[in-house]
$ cat query_0.txt   # compact mmCIF, C-alpha atoms and all ligand atoms
# COMPACT_ATOMS: atom_id res chain seq x y z
CA MET A 1442 -33.71 6.30 -6.15
CA THR A 1443 -32.87 4.60 -2.84
CA LYS A 1444 -31.97 1.02 -1.99
CA ASP A 1445 -31.68 -1.07 1.19
CA ILE A 1446 -28.00 -1.88 1.61
CA ILE A 1447 -26.12 -4.17 3.98
CA VAL A 1448 -22.49 -3.37 4.75
CA GLU A 1449 -20.45 -6.02 6.52
CA TYR A 1450 -17.05 -5.06 7.90
CA HIS A 1451 -14.43 -7.51 9.24
CA GLN A 1452 -12.36 -5.31 11.53
CA GLY A 1453 -9.92 -8.15 12.28
CA ARG A 1454 -8.61 -7.94 8.69
CA CYS A 1455 -8.09 -4.17 8.72
CA ILE A 1456 -4.49 -2.99 8.33
CA GLY A 1457 -5.35 0.65 8.97
CA ALA A 1458 -4.65 1.95 5.46
CA GLN A 1459 -7.69 4.28 5.83
CA LYS A 1460 -8.78 4.07 2.17
CA CYS A 1461 -12.36 3.44 3.29
CA ILE A 1462 -12.30 6.58 5.44
CA GLU A 1463 -11.09 8.71 2.53
CA ALA A 1464 -13.81 7.30 0.28
CA ALA A 1465 -16.71 7.30 2.75
CA PRO A 1466 -15.98 9.44 5.82
CA ALA A 1467 -19.67 9.45 6.74
CA TYR A 1468 -19.52 5.70 7.37
CA PHE A 1469 -15.99 4.96 8.51
CA SER A 1470 -13.81 6.53 11.18
CA PHE A 1471 -10.42 5.61 12.59
CA ASP A 1472 -9.76 4.46 16.15
CA GLY A 1473 -6.01 5.04 15.89
CA GLU A 1474 -5.30 1.52 14.68
CA LYS A 1475 -8.20 0.29 12.59
CA ALA A 1476 -11.26 1.55 10.78
CA VAL A 1477 -14.61 1.60 12.57
CA LEU A 1478 -17.90 1.17 10.70
CA LEU A 1479 -20.14 3.85 12.18
CA LEU A 1480 -23.70 3.09 13.33
CA SER A 1481 -23.09 -0.64 12.93
CA GLN A 1482 -23.94 -3.51 15.22
CA GLN A 1483 -21.99 -6.68 15.95
CA GLU A 1484 -23.18 -9.85 14.22
CA ASN A 1485 -21.18 -13.08 14.21
CA GLY A 1486 -17.91 -11.25 14.86
CA SER A 1487 -18.42 -8.63 12.15
CA SER A 1488 -19.75 -5.06 12.16
CA VAL A 1489 -22.97 -4.85 10.16
CA LEU A 1490 -24.71 -1.71 8.96
CA ARG A 1491 -28.17 -1.84 7.38
CA LEU A 1492 -29.19 1.39 5.74
CA ARG A 1493 -31.38 2.77 2.96
CA MET A 1494 -28.98 4.61 0.68
CA ASN A 1495 -29.32 6.94 -2.25
CA GLU A 1496 -27.10 6.55 -5.31
CA GLU A 1497 -24.44 8.95 -4.05
CA GLN A 1498 -24.21 7.17 -0.67
CA LEU A 1499 -24.06 3.77 -2.34
CA LEU A 1500 -21.34 4.96 -4.69
CA ARG A 1501 -19.23 6.08 -1.75
CA ILE A 1502 -19.67 2.90 0.26
CA ARG A 1503 -18.92 0.78 -2.81
CA LYS A 1504 -15.78 2.82 -3.44
CA ALA A 1505 -14.70 2.30 0.18
CA ALA A 1506 -15.12 -1.47 -0.15
CA GLU A 1507 -13.41 -1.63 -3.55
CA LEU A 1508 -10.40 0.35 -2.30
CA CYS A 1509 -9.87 -1.81 0.79
CA PRO A 1510 -6.63 -3.70 0.10
CA VAL A 1511 -7.58 -6.62 2.37
CA ASN A 1512 -11.22 -7.15 1.30
CA ALA A 1513 -12.48 -6.27 4.76
CA ILE A 1514 -15.75 -4.74 3.52
CA LYS A 1515 -18.66 -6.45 1.82
CA VAL A 1516 -21.57 -4.57 0.28
CA ALA A 1517 -24.82 -6.32 -0.63
CA ASP A 1518 -28.39 -5.31 -1.28
CA ALA A 1519 -31.40 -6.57 0.66
CA GLU A 1520 -32.12 -9.22 -2.00
CA GLY A 1521 -28.73 -10.81 -1.32
CA ASN A 1522 -26.98 -9.55 -4.45
CA ILE A 1523 -23.32 -8.97 -3.63
CA LEU A 1524 -22.20 -5.60 -4.95
CA VAL A 1525 -18.65 -5.77 -3.58
CA SER A 1526 -17.36 -9.10 -2.34
CA ASP A 1527 -15.15 -9.70 0.70
CA THR A 1528 -13.67 -12.87 -0.72
CA VAL A 1529 -11.05 -13.38 -3.39
CA GLU A 1530 -11.87 -15.84 -6.12
CA VAL A 1531 -9.10 -18.26 -7.10
CA GLN A 1532 -9.45 -19.57 -10.62
CA GLN A 1533 -9.67 -23.37 -10.27
CA GLN A 1534 -8.92 -24.37 -13.84
CA GLY A 1535 -5.84 -23.15 -15.63
CA LEU A 1536 -4.39 -21.33 -12.61
CA ARG A 1537 -0.69 -20.72 -13.22
CA GLU A 1538 1.47 -21.36 -10.17
CA ILE A 1539 4.97 -19.96 -10.50
CA THR A 1540 7.90 -20.46 -8.16
CA ALA A 1541 9.84 -17.22 -7.87
CA GLU A 1542 13.44 -17.34 -9.03
CA TYR A 1543 16.07 -14.74 -9.79
CA ASP A 1544 19.85 -14.74 -10.04
CA ASP A 1545 21.18 -11.27 -9.30
CA LEU A 1546 24.65 -12.04 -10.68
CA LYS A 1547 23.35 -13.25 -14.04
CA GLU A 1548 20.19 -11.19 -14.48
CA PHE A 1549 21.00 -7.77 -13.03
CA VAL A 1550 20.76 -4.94 -15.58
CA MET A 1551 21.95 -1.44 -14.67
CA ASP A 1552 19.43 1.37 -15.07
CA LYS A 1553 20.73 3.63 -17.84
CA LYS A 1554 19.45 6.64 -15.84
CA GLY A 1555 21.82 5.96 -12.96
CA TYR A 1556 21.77 4.59 -9.43
CA PHE A 1557 20.84 5.60 -5.85
CA LEU A 1558 22.74 5.86 -2.60
CA ILE A 1559 20.40 5.51 0.36
CA ARG A 1560 20.99 6.27 4.02
CA ILE A 1561 19.05 7.29 7.10
CA ASP A 1562 19.58 10.22 9.44
CA GLN A 1563 18.43 9.30 12.96
CA SER A 1564 18.82 12.93 14.15
CA THR A 1565 16.23 14.24 11.66
CA ASN A 1566 14.30 10.95 11.39
CA LYS A 1567 14.59 11.16 7.61
CA ILE A 1568 15.66 9.00 4.71
CA GLU A 1569 18.13 10.50 2.23
CA VAL A 1570 18.42 9.29 -1.34
CA ALA A 1571 21.24 10.54 -3.54
CA PHE A 1572 20.95 10.07 -7.29
CA CYS A 1573 24.08 9.41 -9.35
CA PRO A 1574 23.78 9.47 -13.17
CA GLU A 1575 27.38 8.25 -13.34
CA LEU A 1576 29.84 6.69 -10.94
CA ASN A 1577 30.40 8.70 -7.74
CA LYS A 1578 28.66 11.82 -9.03
CA ILE A 1579 25.64 12.96 -7.00
CA VAL A 1580 23.41 15.43 -8.84
CA VAL A 1581 20.11 15.14 -6.90
CA LYS A 1582 19.34 14.52 -3.24
CA VAL A 1583 15.79 13.57 -2.20
CA THR A 1584 14.92 13.66 1.49
CA GLY A 1585 11.73 12.45 3.11
CA ARG A 1586 10.13 10.48 5.90
CA LYS A 1587 8.06 7.90 4.05
CA PRO A 1588 8.93 5.52 1.20
CA LEU A 1589 5.80 6.50 -0.73
CA GLU A 1590 6.63 10.22 -0.90
CA ILE A 1591 10.26 9.52 -1.78
CA TYR A 1592 9.73 7.03 -4.58
CA GLN A 1593 6.87 9.04 -6.04
CA THR A 1594 9.14 12.11 -6.09
CA ILE A 1595 11.89 10.12 -7.77
CA ILE A 1596 9.47 8.83 -10.42
CA LYS A 1597 8.06 12.33 -10.99
CA GLN A 1598 11.59 13.67 -11.42
CA GLY A 1599 12.28 11.02 -14.06
CA LEU A 1600 15.27 9.56 -12.20
CA ILE A 1601 14.41 5.92 -12.78
CA SER A 1602 13.64 3.95 -15.93
CA ARG A 1603 13.44 0.25 -15.06
CA LEU A 1604 10.71 -1.68 -13.26
CA ASP A 1605 13.23 -3.84 -11.41
CA HIS A 1606 15.09 -0.73 -10.30
CA ALA A 1607 11.85 0.81 -9.01
CA ALA A 1608 11.05 -2.41 -7.12
CA TYR A 1609 14.56 -2.38 -5.64
CA LEU A 1610 14.18 1.25 -4.59
CA GLY A 1611 10.84 0.51 -2.91
CA ARG A 1612 12.35 -2.42 -1.01
CA GLU A 1613 15.36 -0.42 0.18
CA LEU A 1614 13.22 2.56 1.21
CA GLN A 1615 10.95 0.30 3.24
CA LYS A 1616 13.99 -1.22 4.97
CA ALA A 1617 15.30 2.29 5.70
CA TYR A 1618 11.91 3.29 7.08
CA ILE A 1619 11.77 0.24 9.37
CA ALA A 1620 15.34 0.95 10.53
CA LEU A 1621 14.32 4.50 11.47
CA GLN A 1622 11.22 3.32 13.32
CA LYS A 1623 13.14 0.67 15.24
CA ASN A 1624 16.26 2.76 15.73
CA ILE A 1625 18.52 0.13 14.20
CA LEU A 1626 21.34 0.22 11.65
CA TYR A 1627 20.50 0.55 7.96
CA VAL A 1628 23.10 -0.41 5.37
CA GLN A 1629 21.98 -0.33 1.75
CA ASP A 1630 21.74 -3.84 0.25
CA ASP A 1631 22.27 -5.58 3.62
CA GLU A 1632 19.49 -7.37 5.47
CA LEU A 1633 18.18 -5.58 8.55
CA VAL A 1634 19.16 -7.17 11.85
CA LEU A 1635 15.90 -7.14 13.80
S1 LIG B 1701 -9.61 0.31 3.62
FE1 LIG B 1701 -9.66 -1.70 4.59
S2 LIG B 1701 -7.66 -1.88 5.52
FE2 LIG B 1701 -7.95 0.27 5.03
S3 LIG B 1701 -8.73 1.14 6.90
FE3 LIG B 1701 -10.47 0.60 5.63
S4 LIG B 1701 -11.00 -1.43 6.29
FE4 LIG B 1701 -9.01 -1.04 7.07
$ encode --input "query_0.txt" --output "structure tokens"
Amino acid sequence: MTKDIIVEYHQGRCIGAQKCIEAAPAYFSFDGEKAVLLLSQQENGSSVLRLRMNEEQLLRIRKAAELCPVNAIKVADAEGNILVSDTVEVQQQGLREITAEYDDLKEFVMDKKGYFLIRIDQSTNKIEVAFCPELNKIVVKVTGRKPLEIYQTIIKQGLISRLDHAAYLGRELQKAYIALQKNILYVQDDELVL
């Protein structure tokens, strides 16, 4: 069965994560910075593609839109039914608004698995993470270029047990990554001087 589908893509929102390209390479390509919706035309500042699609094609384009972290892709049918929206709905009634607060001195809890020592090596352009199960004893060293591959490796190796510790690790790895990119000093737990 086929269906007339309208795909609307807001390139200005794209952050280049390329999820859409992985999901639907027949419809999206990468220009080095942002995704491009192939065979589309410009309408009111957006790229619009109108196409009759079979179920497999529609599945792929829906997946691409659903995976986009910034809601840059809208998928609708010719009758105006929105299949994947490009807007985020904010619940009007009963929305909980919470001001973030945390006191590191009072609330910090040590991970029973151990702790990490993080540093960067400008000569190899890599981040090094040493794992210590007890004070001043390194038993594992993980080296990599990107935060994602490093923290996923650490999780897979079972070296971390707390959510707050994992969040901390992600934050420090991202700082280390930025320091490498910008060729600036990285000191674990200190703010970057940009
Ligand atoms: S998934 Fe969204 S943010 Fe990522 S490349 Fe595609 S359009 Fe851009």
$ residues_around --input "query_0.txt" --residues "Lys1460 in chain A" --least-positions-apart "2" --cutoff "9 Å" --atoms "only C-alpha atoms" --output "list of chain:residue names"
A:Gly1457, A:Ala1458, A:Ile1462, A:Glu1463, A:Ala1464, A:Ala1465, A:Ala1505, A:Ala1506, A:Leu1508, A:Cys1509, A:Pro1510
$ write_last_selection --input "query_0.txt" --atoms "C-alpha atoms" --output "mmCIF file, keeping the file's coordinate frame"
data_model
loop_
_atom_site.group_PDB
_atom_site.id
_atom_site.type_symbol
_atom_site.label_atom_id
_atom_site.label_comp_id
_atom_site.auth_asym_id
_atom_site.auth_seq_id
_atom_site.Cartn_x
_atom_site.Cartn_y
_atom_site.Cartn_z
ATOM 1 C CA GLY A 1457 -5.350 0.650 8.970
ATOM 2 C CA ALA A 1458 -4.650 1.950 5.460
ATOM 3 C CA ILE A 1462 -12.300 6.580 5.440
ATOM 4 C CA GLU A 1463 -11.090 8.710 2.530
ATOM 5 C CA ALA A 1464 -13.810 7.300 0.280
ATOM 6 C CA ALA A 1465 -16.710 7.300 2.750
ATOM 7 C CA ALA A 1505 -14.700 2.300 0.180
ATOM 8 C CA ALA A 1506 -15.120 -1.470 -0.150
ATOM 9 C CA LEU A 1508 -10.400 0.350 -2.300
ATOM 10 C CA CYS A 1509 -9.870 -1.810 0.790
ATOM 11 C CA PRO A 1510 -6.630 -3.700 0.100
#
$ residues_around --input "query_0.txt" --residues "range 1603-1617 of chain A" --least-positions-apart "4" --cutoff "9 Å" --atoms "all atoms listed in the file" --output "number ranges by chain"
A: 1549-1554, 1556-1557, 1559-1561, 1568, 1570, 1587-1589, 1591-1592, 1596, 1621-1622, 1626-1630, 1632-1633
$ residues_near_ligand --input "query_0.txt" --ligand "ligand LIG 1701 (chain B)" --cutoff "12 Å" --atoms "all atoms listed in the file" --output "PyMOL selection string"
chain A and resi 1448-1466+1468-1478+1487-1488+1502-1515+1527
$ residues_around --input "query_0.txt" --residues "Arg1493 in chain A" --least-positions-apart "5" --cutoff "10 Å" --atoms "only C-alpha atoms" --output "list in words"
Thr1443, Lys1444, Asp1445, Ile1446, Ile1447, Gln1498, Leu1499, Asp1518 and Ala1519 of chain A
$ closest_residue --input "query_0.txt" --among "A:Ala1571, A:Thr1584, A:Leu1492, A:Asn1566" --to "Ile1619 in chain A" --atoms "all atoms listed in the file"
A:Asn1566
